[in-house]
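Undergrad: entry.txt is the file, holding compact mmCIF, C-alpha atoms and all ligand atoms:
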```txt
# COMPACT_ATOMS: atom_id res chain seq x y z
CA MET A 1 -2.59 8.67 7.59
CA ASN A 2 -1.67 5.00 7.31
CA TYR A 3 -4.27 2.25 7.73
CA ARG A 4 -3.23 -1.35 8.41
CA ILE A 5 -5.48 -3.83 6.66
CA ALA A 6 -5.43 -7.58 7.23
CA VAL A 7 -6.08 -9.18 3.83
CA LEU A 8 -7.63 -12.65 3.82
CA PRO A 9 -8.29 -13.65 0.19
CA GLY A 10 -9.43 -17.20 1.03
CA ASP A 11 -10.59 -19.61 -1.66
CA GLY A 12 -12.07 -19.69 -5.15
CA ILE A 13 -13.17 -16.28 -6.42
CA GLY A 14 -12.32 -14.78 -3.01
CA ALA A 15 -8.70 -14.88 -4.08
CA GLU A 16 -9.60 -13.23 -7.40
CA VAL A 17 -11.79 -10.35 -6.23
CA VAL A 18 -9.77 -9.28 -3.18
CA PRO A 19 -6.67 -8.16 -5.15
CA GLN A 20 -8.99 -6.14 -7.40
CA ALA A 21 -10.57 -4.33 -4.47
CA LEU A 22 -7.07 -3.51 -3.20
CA ARG A 23 -6.26 -1.93 -6.58
CA VAL A 24 -9.28 0.33 -6.10
CA LEU A 25 -8.15 1.21 -2.57
CA ASP A 26 -4.72 2.09 -3.96
CA ALA A 27 -6.31 4.36 -6.55
CA VAL A 28 -8.25 6.09 -3.77
CA ALA A 29 -5.15 6.37 -1.58
CA ALA A 30 -3.16 8.09 -4.31
CA LYS A 31 -5.85 10.76 -4.64
CA ALA A 32 -6.60 11.22 -0.93
CA GLY A 33 -3.03 11.31 0.34
CA ILE A 34 -3.50 8.28 2.57
CA THR A 35 -1.65 4.97 2.61
CA PHE A 36 -2.85 1.43 3.15
CA GLU A 37 -0.55 -1.22 4.52
CA TYR A 38 -1.71 -4.71 3.49
CA THR A 39 -0.68 -7.82 5.39
CA TYR A 40 -1.86 -11.06 3.82
CA ALA A 41 -2.91 -14.08 5.87
CA LEU A 42 -4.23 -17.55 5.20
CA ILE A 43 -7.78 -18.65 5.93
CA GLY A 44 -10.13 -21.43 4.83
CA GLY A 45 -9.17 -24.18 2.43
CA ALA A 46 -5.99 -22.35 1.43
CA ALA A 47 -4.94 -22.36 5.09
CA ILE A 48 -5.80 -26.06 5.50
CA ASP A 49 -3.65 -26.90 2.50
CA ALA A 50 -0.71 -24.83 3.75
CA THR A 51 -0.88 -25.39 7.52
CA GLY A 52 -3.47 -28.07 8.27
CA HIS A 53 -5.68 -25.53 10.09
CA PRO A 54 -8.49 -23.44 8.51
CA LEU A 55 -7.93 -20.52 10.90
CA PRO A 56 -4.25 -20.38 11.90
CA PRO A 57 -3.66 -18.50 15.19
CA GLU A 58 -1.40 -15.99 13.42
CA THR A 59 -4.30 -15.04 11.11
CA LEU A 60 -6.51 -14.24 14.09
CA GLU A 61 -3.68 -12.35 15.77
CA LEU A 62 -3.09 -10.28 12.63
CA CYS A 63 -6.80 -9.40 12.41
CA ARG A 64 -6.84 -8.31 16.05
CA ASN A 65 -3.84 -6.04 15.44
CA SER A 66 -5.14 -4.42 12.25
CA ASP A 67 -7.34 -1.38 11.63
CA ALA A 68 -9.71 -3.43 9.44
CA VAL A 69 -10.01 -6.84 7.81
CA LEU A 70 -10.84 -7.59 4.18
CA LEU A 71 -12.04 -11.13 3.52
CA GLY A 72 -12.78 -12.73 0.15
CA ALA A 73 -14.65 -15.99 0.64
CA ILE A 74 -13.79 -19.45 1.85
CA GLY A 75 -14.70 -23.06 1.23
CA GLY A 76 -15.21 -25.25 -1.79
CA PRO A 77 -15.76 -28.87 -2.84
CA LYS A 78 -12.18 -29.85 -2.04
CA TRP A 79 -12.81 -29.37 1.69
CA ASP A 80 -16.53 -30.30 1.86
CA THR A 81 -15.99 -33.83 3.11
CA LEU A 82 -13.82 -32.85 6.09
CA PRO A 83 -15.34 -33.32 9.53
CA SER A 84 -17.13 -30.24 10.89
CA HIS A 85 -14.35 -29.18 13.24
CA LEU A 86 -12.03 -28.78 10.23
CA ARG A 87 -14.39 -27.44 7.54
CA PRO A 88 -13.54 -23.88 6.48
CA GLU A 89 -17.04 -22.48 7.07
CA VAL A 90 -17.49 -23.96 10.55
CA ALA A 91 -13.90 -23.92 11.75
CA ALA A 92 -12.66 -20.64 10.25
CA LEU A 93 -15.40 -18.20 9.24
CA LEU A 94 -17.69 -18.62 12.25
CA PRO A 95 -14.86 -18.56 14.85
CA LEU A 96 -13.29 -15.54 13.14
CA ARG A 97 -16.56 -13.61 13.46
CA LYS A 98 -17.03 -14.76 17.06
CA GLU A 99 -13.45 -14.05 18.15
CA LEU A 100 -13.57 -10.54 16.71
CA GLY A 101 -16.95 -9.89 18.37
CA LEU A 102 -18.64 -9.13 15.04
CA TYR A 103 -22.23 -9.57 16.10
CA ALA A 104 -23.76 -7.52 13.29
CA ASN A 105 -23.52 -8.03 9.57
CA ILE A 106 -24.73 -5.02 7.60
CA ARG A 107 -25.79 -5.73 4.03
CA PRO A 108 -27.08 -2.66 2.16
CA CYS A 109 -29.26 -3.64 -0.73
CA HIS A 110 -30.07 -1.03 -3.32
CA LEU A 111 -30.34 -0.91 -7.05
CA PHE A 112 -27.87 0.98 -9.20
CA PRO A 113 -30.37 2.43 -11.70
CA ALA A 114 -28.39 1.10 -14.70
CA LEU A 115 -29.11 -2.45 -13.49
CA ALA A 116 -32.92 -2.12 -13.45
CA ASP A 117 -33.14 -4.62 -16.31
CA ALA A 118 -30.18 -6.83 -15.33
CA SER A 119 -32.03 -8.84 -12.70
CA THR A 120 -34.39 -11.70 -13.39
CA LEU A 121 -36.95 -9.59 -11.49
CA LYS A 122 -39.04 -6.92 -13.20
CA ARG A 123 -37.95 -3.27 -13.31
CA GLU A 124 -41.32 -2.23 -11.74
CA VAL A 125 -40.50 -4.34 -8.68
CA LEU A 126 -36.90 -3.19 -8.39
CA GLU A 127 -36.91 0.53 -9.01
CA GLY A 128 -36.35 2.55 -5.86
CA VAL A 129 -35.30 -0.43 -3.73
CA ASP A 130 -33.11 0.84 -0.90
CA MET A 131 -32.87 -1.30 2.21
CA VAL A 132 -30.32 -2.42 4.74
CA VAL A 133 -30.44 -5.93 6.12
CA ILE A 134 -28.90 -6.27 9.57
CA ARG A 135 -28.14 -9.89 10.24
CA GLU A 136 -27.23 -11.14 13.72
CA LEU A 137 -23.87 -12.79 13.14
CA THR A 138 -22.52 -14.51 16.25
CA GLY A 139 -25.55 -16.33 17.65
CA GLY A 140 -28.56 -18.27 16.51
CA LEU A 141 -28.65 -21.52 14.63
CA TYR A 142 -25.07 -21.39 13.35
CA PHE A 143 -23.61 -21.11 16.85
CA GLY A 144 -25.82 -23.35 19.00
CA GLU A 145 -24.71 -26.75 20.19
CA LYS A 146 -24.57 -29.33 17.41
CA LYS A 147 -24.18 -33.05 17.67
CA ARG A 148 -24.58 -36.32 15.83
CA GLU A 149 -25.43 -39.61 17.40
CA THR A 150 -26.15 -43.16 16.33
CA LEU A 151 -29.46 -44.53 17.58
CA GLU A 152 -30.13 -48.06 18.81
CA ASP A 153 -31.57 -49.10 15.44
CA GLY A 154 -28.35 -47.99 13.75
CA SER A 155 -29.85 -44.86 12.19
CA GLU A 156 -28.21 -41.50 12.82
CA ARG A 157 -29.56 -38.35 14.39
CA ALA A 158 -28.16 -34.83 14.03
CA VAL A 159 -29.01 -31.82 16.19
CA ASP A 160 -28.50 -28.08 15.67
CA THR A 161 -29.66 -25.64 18.32
CA LEU A 162 -31.02 -22.11 17.98
CA VAL A 163 -30.18 -20.07 21.07
CA TYR A 164 -30.52 -16.36 21.80
CA SER A 165 -30.20 -14.40 25.02
CA THR A 166 -31.89 -11.05 25.69
CA PRO A 167 -28.64 -9.01 25.49
CA GLU A 168 -27.78 -10.55 22.12
CA VAL A 169 -31.16 -9.54 20.70
CA GLU A 170 -31.12 -6.12 22.38
CA ARG A 171 -27.82 -5.03 20.86
CA ILE A 172 -28.70 -6.04 17.31
CA VAL A 173 -32.19 -4.51 17.41
CA ARG A 174 -30.73 -1.34 18.91
CA LEU A 175 -28.29 -1.17 16.01
CA ALA A 176 -31.21 -1.57 13.59
CA CYS A 177 -33.07 1.30 15.29
CA GLU A 178 -29.97 3.52 15.25
CA THR A 179 -29.50 2.72 11.54
CA ALA A 180 -33.14 3.52 10.78
CA LYS A 181 -32.86 6.91 12.52
CA ASN A 182 -30.65 8.11 9.66
CA ARG A 183 -32.91 6.58 7.03
CA ARG A 184 -36.70 6.32 6.63
CA GLY A 185 -37.24 5.41 10.28
CA GLN A 186 -38.71 1.95 9.71
CA VAL A 187 -37.45 -1.30 11.21
CA CYS A 188 -38.92 -4.64 10.22
CA SER A 189 -37.92 -7.36 12.66
CA VAL A 190 -38.12 -10.77 11.00
CA ASP A 191 -38.65 -13.91 13.06
CA LYS A 192 -40.65 -17.13 13.28
CA ALA A 193 -42.40 -16.32 16.54
CA ASN A 194 -45.43 -18.44 15.66
CA VAL A 195 -43.25 -21.53 16.13
CA LEU A 196 -39.85 -20.88 17.67
CA GLU A 197 -39.34 -20.01 21.32
CA SER A 198 -36.13 -18.16 20.45
CA SER A 199 -38.19 -16.02 18.06
CA ARG A 200 -40.75 -15.29 20.78
CA LEU A 201 -37.95 -13.96 22.95
CA TRP A 202 -36.58 -12.07 19.93
CA ARG A 203 -39.94 -10.37 19.30
CA GLU A 204 -40.62 -9.53 22.96
CA THR A 205 -37.13 -8.05 23.24
CA ALA A 206 -37.45 -6.11 19.97
CA LEU A 207 -40.71 -4.58 21.22
CA LYS A 208 -39.01 -3.47 24.44
CA VAL A 209 -36.03 -1.99 22.60
CA ALA A 210 -38.43 -0.08 20.31
CA GLU A 211 -39.94 1.70 23.34
CA ALA A 212 -36.75 3.76 23.58
CA TYR A 213 -37.14 4.84 19.93
CA PRO A 214 -40.48 6.67 19.60
CA GLU A 215 -39.34 8.09 16.25
CA ILE A 216 -38.97 4.58 14.79
CA THR A 217 -41.84 2.54 13.39
CA MET A 218 -41.19 -1.09 14.16
CA SER A 219 -43.04 -3.89 12.42
CA HIS A 220 -42.71 -7.66 12.78
CA MET A 221 -42.90 -10.25 10.06
CA TYR A 222 -42.55 -14.01 9.92
CA VAL A 223 -39.57 -15.09 7.89
CA ASP A 224 -41.56 -17.07 5.34
CA ASN A 225 -43.72 -14.04 4.58
CA ALA A 226 -40.58 -11.83 4.48
CA ALA A 227 -39.08 -14.08 1.82
CA MET A 228 -42.21 -13.59 -0.28
CA GLN A 229 -42.50 -9.82 0.39
CA LEU A 230 -38.87 -9.33 -0.69
CA VAL A 231 -39.77 -10.26 -4.24
CA ARG A 232 -43.39 -9.03 -4.20
CA ASN A 233 -42.79 -5.51 -2.92
CA PRO A 234 -39.22 -4.91 -1.74
CA ARG A 235 -39.65 -1.12 -1.60
CA GLN A 236 -41.63 -1.56 1.64
CA PHE A 237 -38.41 -2.39 3.52
CA ASP A 238 -36.10 0.20 5.04
CA VAL A 239 -34.11 -1.62 7.76
CA LEU A 240 -34.67 -5.35 8.20
CA VAL A 241 -33.18 -7.07 11.26
CA THR A 242 -33.10 -10.80 11.80
CA GLU A 243 -31.52 -13.99 13.11
CA ASN A 244 -28.24 -15.30 11.70
CA MET A 245 -29.49 -18.03 9.35
CA PHE A 246 -32.66 -16.16 8.36
CA GLY A 247 -30.43 -13.19 7.44
CA ASP A 248 -28.02 -15.41 5.54
CA ILE A 249 -30.82 -16.80 3.39
CA LEU A 250 -32.80 -13.58 2.97
CA THR A 251 -29.74 -11.61 1.88
CA ASP A 252 -28.79 -14.02 -0.90
CA GLN A 253 -32.37 -13.58 -2.05
CA ALA A 254 -32.26 -9.80 -1.58
CA SER A 255 -29.07 -9.64 -3.63
CA MET A 256 -31.18 -10.19 -6.73
CA LEU A 257 -32.85 -6.85 -5.99
CA SER A 258 -29.49 -5.25 -6.77
CA GLY A 259 -29.04 -7.39 -9.88
CA SER A 260 -26.77 -10.18 -8.65
CA LEU A 261 -25.13 -11.76 -5.63
CA GLY A 262 -21.97 -10.29 -7.13
CA MET A 263 -23.25 -6.79 -6.25
CA LEU A 264 -23.92 -7.30 -2.51
CA ALA A 265 -21.33 -5.82 -0.15
CA SER A 266 -21.16 -6.27 3.60
CA ALA A 267 -19.62 -4.99 6.80
CA SER A 268 -19.38 -7.09 9.95
CA ILE A 269 -19.13 -4.88 13.00
CA GLY A 270 -19.42 -4.92 16.78
CA GLY A 271 -15.87 -5.50 17.94
CA GLU A 272 -12.80 -3.28 17.93
CA VAL A 273 -11.85 -4.30 14.39
CA ALA A 274 -14.46 -4.56 11.66
CA LEU A 275 -14.42 -7.05 8.80
CA TYR A 276 -15.55 -6.37 5.25
CA GLU A 277 -16.54 -9.06 2.80
CA PRO A 278 -18.78 -9.60 -0.20
CA ALA A 279 -21.96 -11.49 0.68
CA HIS A 280 -21.16 -14.23 -1.83
CA GLY A 281 -19.12 -17.38 -1.38
CA SER A 282 -16.15 -18.83 -3.24
CA ALA A 283 -18.26 -19.67 -6.35
CA PRO A 284 -16.41 -22.84 -7.41
CA ASP A 285 -18.45 -22.93 -10.64
CA ILE A 286 -16.69 -19.82 -12.00
CA ALA A 287 -13.46 -19.81 -9.95
CA GLY A 288 -10.15 -19.42 -11.76
CA GLN A 289 -11.76 -17.99 -14.91
CA ASN A 290 -11.46 -14.24 -14.30
CA LYS A 291 -15.27 -14.08 -14.58
CA ALA A 292 -16.35 -13.09 -11.07
CA ASN A 293 -18.02 -9.76 -10.49
CA PRO A 294 -15.58 -7.79 -8.27
CA LEU A 295 -18.11 -5.03 -7.45
CA ALA A 296 -19.42 -6.60 -4.22
CA THR A 297 -15.88 -6.59 -2.85
CA ILE A 298 -15.12 -3.13 -4.24
CA LEU A 299 -18.29 -1.82 -2.59
CA SER A 300 -17.22 -3.61 0.62
CA VAL A 301 -13.97 -1.61 0.71
CA ALA A 302 -16.11 1.50 0.23
CA MET A 303 -17.94 0.43 3.40
CA MET A 304 -14.54 -0.04 5.09
CA LEU A 305 -13.55 3.52 4.18
CA GLU A 306 -16.81 4.84 5.60
CA TYR A 307 -17.27 2.72 8.75
CA SER A 308 -13.71 2.02 9.89
CA PHE A 309 -11.80 5.04 8.58
CA LYS A 310 -14.56 7.70 8.45
CA ARG A 311 -13.48 8.50 4.89
CA VAL A 312 -17.01 9.17 3.69
CA GLU A 313 -15.96 11.25 0.68
CA GLU A 314 -13.71 8.47 -0.63
CA ALA A 315 -16.42 5.84 -0.01
CA ARG A 316 -18.94 7.90 -2.00
CA ALA A 317 -16.35 8.34 -4.77
CA ILE A 318 -16.06 4.56 -5.18
CA GLU A 319 -19.84 4.16 -5.27
CA ALA A 320 -20.10 6.97 -7.82
CA ALA A 321 -17.39 5.32 -9.93
CA VAL A 322 -19.30 2.02 -9.89
CA ASP A 323 -22.47 3.87 -10.89
CA ARG A 324 -20.62 5.54 -13.77
CA VAL A 325 -19.14 2.27 -15.05
CA LEU A 326 -22.55 0.59 -15.01
CA ASN A 327 -24.05 3.59 -16.82
CA GLN A 328 -21.28 3.25 -19.43
CA GLY A 329 -22.60 -0.27 -20.07
CA TYR A 330 -19.79 -2.44 -18.71
CA ARG A 331 -21.02 -5.75 -17.28
CA THR A 332 -19.56 -8.94 -15.89
CA GLY A 333 -21.40 -12.12 -16.89
CA ASP A 334 -23.73 -12.22 -13.88
CA ILE A 335 -25.27 -8.81 -14.75
CA MET A 336 -24.90 -9.02 -18.53
CA GLU A 337 -27.73 -7.85 -20.78
CA ALA A 338 -28.12 -7.54 -24.54
CA GLY A 339 -26.36 -4.50 -25.96
CA LYS A 340 -23.91 -4.12 -23.06
CA THR A 341 -20.14 -4.68 -23.00
CA LEU A 342 -19.01 -7.92 -21.37
CA VAL A 343 -15.87 -7.50 -19.25
CA ASN A 344 -13.93 -9.82 -16.98
CA THR A 345 -12.98 -9.35 -13.32
CA VAL A 346 -9.81 -7.39 -13.99
CA GLU A 347 -11.32 -5.28 -16.76
CA MET A 348 -14.30 -4.33 -14.59
CA THR A 349 -11.84 -3.14 -11.94
CA ASP A 350 -9.88 -1.20 -14.58
CA CYS A 351 -13.15 0.53 -15.52
CA VAL A 352 -13.83 1.48 -11.88
CA ILE A 353 -10.30 2.83 -11.44
CA ASN A 354 -10.61 4.86 -14.66
CA ALA A 355 -13.95 6.20 -13.51
CA LEU A 356 -12.38 7.28 -10.21
CA ALA A 357 -9.73 9.33 -11.98
N1 LIG A 401 -18.40 -15.79 3.30
C1 LIG A 401 -17.99 -16.93 2.79
O1 LIG A 401 -16.83 -17.25 2.83
C2 LIG A 401 -18.99 -17.81 2.14
C3 LIG A 401 -18.59 -19.05 1.74
N2 LIG A 401 -19.46 -19.86 1.08
C4 LIG A 401 -18.90 -21.11 0.57
O2 LIG A 401 -18.66 -20.94 -0.84
C5 LIG A 401 -18.79 -22.20 -1.51
C6 LIG A 401 -19.76 -22.08 -2.67
O3 LIG A 401 -21.06 -21.83 -2.17
P1 LIG A 401 -22.33 -21.53 -3.07
O4 LIG A 401 -23.49 -22.01 -2.32
O5 LIG A 401 -22.09 -21.99 -4.44
O6 LIG A 401 -22.49 -19.92 -3.04
P2 LIG A 401 -21.70 -18.81 -3.85
O7 LIG A 401 -22.12 -17.51 -3.27
O8 LIG A 401 -20.25 -19.08 -3.88
O9 LIG A 401 -22.25 -18.91 -5.35
C7 LIG A 401 -23.63 -18.96 -5.65
C8 LIG A 401 -23.84 -18.62 -7.14
O10 LIG A 401 -23.62 -17.23 -7.34
C9 LIG A 401 -22.58 -17.02 -8.27
N3 LIG A 401 -21.71 -15.93 -7.78
C10 LIG A 401 -21.33 -15.72 -6.51
N4 LIG A 401 -20.53 -14.66 -6.43
C11 LIG A 401 -20.40 -14.19 -7.68
C12 LIG A 401 -19.68 -13.09 -8.24
N5 LIG A 401 -18.93 -12.27 -7.49
N6 LIG A 401 -19.76 -12.90 -9.57
C13 LIG A 401 -20.51 -13.69 -10.33
N7 LIG A 401 -21.22 -14.74 -9.87
C14 LIG A 401 -21.16 -14.97 -8.55
C15 LIG A 401 -21.80 -18.33 -8.31
O11 LIG A 401 -21.14 -18.47 -9.54
C16 LIG A 401 -22.88 -19.35 -8.06
O12 LIG A 401 -23.52 -19.68 -9.25
C17 LIG A 401 -19.25 -23.18 -0.43
O13 LIG A 401 -18.14 -23.88 0.03
C18 LIG A 401 -19.83 -22.30 0.64
O14 LIG A 401 -19.83 -22.88 1.92
C19 LIG A 401 -20.74 -19.49 0.79
C20 LIG A 401 -21.18 -18.26 1.18
C21 LIG A 401 -20.36 -17.33 1.93
C1 LIG A 402 -20.63 -20.21 6.37
C2 LIG A 402 -21.80 -19.34 6.03
C3 LIG A 402 -22.45 -18.86 7.25
C4 LIG A 402 -21.32 -18.22 5.16
C5 LIG A 402 -22.41 -17.46 4.52
O1 LIG A 402 -23.17 -17.95 3.73
C6 LIG A 402 -22.52 -16.05 4.83
O2 LIG A 402 -21.96 -15.57 5.80
O3 LIG A 402 -23.27 -15.36 4.11
MG MG A 403 -24.50 -16.57 2.84
```
So, in terms of structure tokens, how does the structure I just supplied come out?
TA:
Amino acid sequence: MNYRIAVLPGDGIGAEVVPQALRVLDAVAAKAGITFEYTYALIGGAAIDATGHPLPPETLELCRNSDAVLLGAIGGPKWDTLPSHLRPEVAALLPLRKELGLYANIRPCHLFPALADASTLKREVLEGVDMVVIRELTGGLYFGEKKRETLEDGSERAVDTLVYSTPEVERIVRLACETAKNRRGQVCSVDKANVLESSRLWRETALKVAEAYPEITMSHMYVDNAAMQLVRNPRQFDVLVTENMFGDILTDQASMLSGSLGMLASASIGGEVALYEPAHGSAPDIAGQNKANPLATILSVAMMLEYSFKRVEEARAIEAAVDRVLNQGYRTGDIMEAGKTLVNTVEMTDCVINALA
């Protein structure tokens, strides 16, 4: 079997971790008798520099014609001052997700036991954490109308709009319920229904969707409380479903439950072609130094094997290899602890490939 993968390394550490994840895929392919065909394409700042456009039409076309997409990360200080319609995040990442119909971003958050002391959070809080955050990805605050205007007194005003329709909420909550069916059967829907009208619609809709899932226990939590509960008692969460920006913020926070943002993988699904990417950004502060933790991206290709290619055995093999490497004591800087062996991006990948063999 041959799988065609669109490879979009992007900017900063995105361009460092993506080639490492491909090395892991190659190691898996050799063992499983499958082949992966990689076609590289430009996105983000790298695409602006080369073509003047953050999302060149040929990149989108390639993604549409592939079996899966692997994305690193995009953006960085070099492109921060561009107007919105050219900035990598607004003009490449969001349209890519929208165009591919990727309305759900799945971010599993669990602790590899070897990392129980790697986080800034206490072991007692972290042990046994195993949750999936399902973030709505093509609506909400990031996609509503935005504008800037100059007022009569010369001051400026900026507007962002948070919009959801019933079908948008229904499909994401349904996905959360379906996900929970194969887990502990609990969905926590996170909103701000005490203030936001869009959240009131979200909650009403979630309650209606839950009626079709008598086996699921659905709870509702305000997002401010959820942020606190995530560090107070994260074990209470099984499946958490929420709005785009709430999910963006809560998952960076939740990443610390798995030790580091460099450990959090993700799958964006909903359209014909799914996209896999680490939850982190381009990390300009460590870019170009071979320091980035590649495991979030390596675990994202494991998700690709499972979700897009139904290669569950190979996906589990990658996760087991990561577990083994962490148990052996290898650590990139972000998860480093006293007494462990510090490795760089490439060496960490070497360790995973060795552990696969
Ligand atoms: N999906 C994407 O393409 C995303 C892009 N961004 C963009 O990335 C740029 C930087 O954003 P930041 O807010 O700094 O977020 P970031 O996620 O790039 O970095 C936040 C912090 O986590 C660390 N970090 C992130 N990934 C790491 C890894 N794999 N290994 C070790 N340490 C890691 C960074 O060094 C930094 O200290 C911005 O331009 C932002 O818009 C941010 C998030 C997602
Ligand atoms: C441009 C942002 C929405 C990217 C981000 O932070 C994310 O998707 O996690
Ligand atoms: Mg984010």
Undergrad: Can I get the residues of chain A within 6 Å of ligand LIG 402 (chain A), each with the closest pair of atoms and their distance in Å to one decimal, using all atoms listed in the file, sorted chain first then ascending number, as a Markdown table?
TA:
```
| residue | atom | partner | partner_atom | distance |
| --- | --- | --- | --- | --- |
| A:Glu89 | CA | A:LIG402 | C1 | 4.3 |
| A:Asp248 | CA | A:LIG402 | O3 | 5.0 |
| A:Ala279 | CA | A:LIG402 | O3 | 5.3 |
```
Undergrad: With distances taken over only C-alpha atoms, which residue among A:His53, A:Glu319, A:Ser258, A:Ala118 lies nearest Arg331 in chain A?
TA: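 Comparing A:His53, A:Glu319, A:Ser258, A:Ala118 against Arg331 in chain A, the winner is A:Ala118.
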Undergrad: Which residues are near ligand MG 403 (chain A) - at most 10 Å, using all atoms listed in the file? Format: as a list of chain:residue names.
TA: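 Counting only what the definition allows, namely all atoms listed in the file, the set is A:Asn244, A:Met245, A:Phe246, A:Gly247, A:Asp248, A:Ile249, A:Leu250, A:Thr251, A:Asp252, A:Gln253, A:Leu261, A:Pro278, A:Ala279, A:His280, A:Gly281.
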Undergrad: Write as a PDB file with C-alpha atoms, keeping the file's coordinate frame the residues around ligand LIG 401 (chain A), taking 6 Å as the cut-off and counting all atoms listed in the file.
TA:
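Result file pocket01.pdb:
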```pdb
ATOM      1  CA  ALA A  73     -14.650 -15.990   0.640  1.00  0.00           C
ATOM      2  CA  ILE A  74     -13.790 -19.450   1.850  1.00  0.00           C
ATOM      3  CA  GLY A  75     -14.700 -23.060   1.230  1.00  0.00           C
ATOM      4  CA  GLY A  76     -15.210 -25.250  -1.790  1.00  0.00           C
ATOM      5  CA  GLU A  89     -17.040 -22.480   7.070  1.00  0.00           C
ATOM      6  CA  LEU A 261     -25.130 -11.760  -5.630  1.00  0.00           C
ATOM      7  CA  GLY A 262     -21.970 -10.290  -7.130  1.00  0.00           C
ATOM      8  CA  HIS A 280     -21.160 -14.230  -1.830  1.00  0.00           C
ATOM      9  CA  GLY A 281     -19.120 -17.380  -1.380  1.00  0.00           C
ATOM     10  CA  SER A 282     -16.150 -18.830  -3.240  1.00  0.00           C
ATOM     11  CA  ALA A 283     -18.260 -19.670  -6.350  1.00  0.00           C
ATOM     12  CA  PRO A 284     -16.410 -22.840  -7.410  1.00  0.00           C
ATOM     13  CA  ASP A 285     -18.450 -22.930 -10.640  1.00  0.00           C
ATOM     14  CA  ILE A 286     -16.690 -19.820 -12.000  1.00  0.00           C
ATOM     15  CA  ALA A 292     -16.350 -13.090 -11.070  1.00  0.00           C
ATOM     16  CA  ASN A 293     -18.020  -9.760 -10.490  1.00  0.00           C
ATOM     17  CA  PRO A 294     -15.580  -7.790  -8.270  1.00  0.00           C
ATOM     18  CA  ASP A 334     -23.730 -12.220 -13.880  1.00  0.00           C
TER      19      ASP A 334
END
```
Undergrad: Which residues of range 20-79 of chain A sit at most 12 Å from range 320-329 of chain A, using only C-alpha atoms? Give each one's shortest atom pair and distance in Å (one decimal place), in chain and ascending residue order, as a tab-separated table.
TA:
```
residue	atom	partner	partner_atom	distance
A:Val24	CA	A:Ala321	CA	10.3
A:Ala27	CA	A:Ala321	CA	11.6
A:Val28	CA	A:Ala321	CA	11.0
```
Undergrad: Take the selection from the previous step and output its residues with C-alpha atoms, as a CSV table (one decimal), in the frame of the given file.
TA:
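Saved as again-v1.csv:
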```csv
chain,number,residue,atom,x,y,z
A,24,VAL,CA,-9.3,0.3,-6.1
A,27,ALA,CA,-6.3,4.4,-6.6
A,28,VAL,CA,-8.2,6.1,-3.8
```
Undergrad: Find the residues around Val239 in chain A up to 8 Å (only C-alpha atoms counted), leave out those fewer than 4 positions away in its own chain, and share them as a ChimeraX atom specification.
TA: /A:131-134,176,179-180,186-188
Undergrad: Could you tell me how far CA of Asp238 in chain A lies from CA of Pro108 in chain A, in Å and to one decimal?
TA: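 One can read the CA of Asp238 in chain A to CA of Pro108 in chain A distance as 9.9 Å.
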Undergrad: Under the rule that all atoms listed in the file are counted, which of A:Leu22, A:Leu126, A:Leu342, A:Val195 is the nearest residue to Ala114 in chain A?
TA: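 Comparing A:Leu22, A:Leu126, A:Leu342, A:Val195 against Ala114 in chain A, the winner is A:Leu126.
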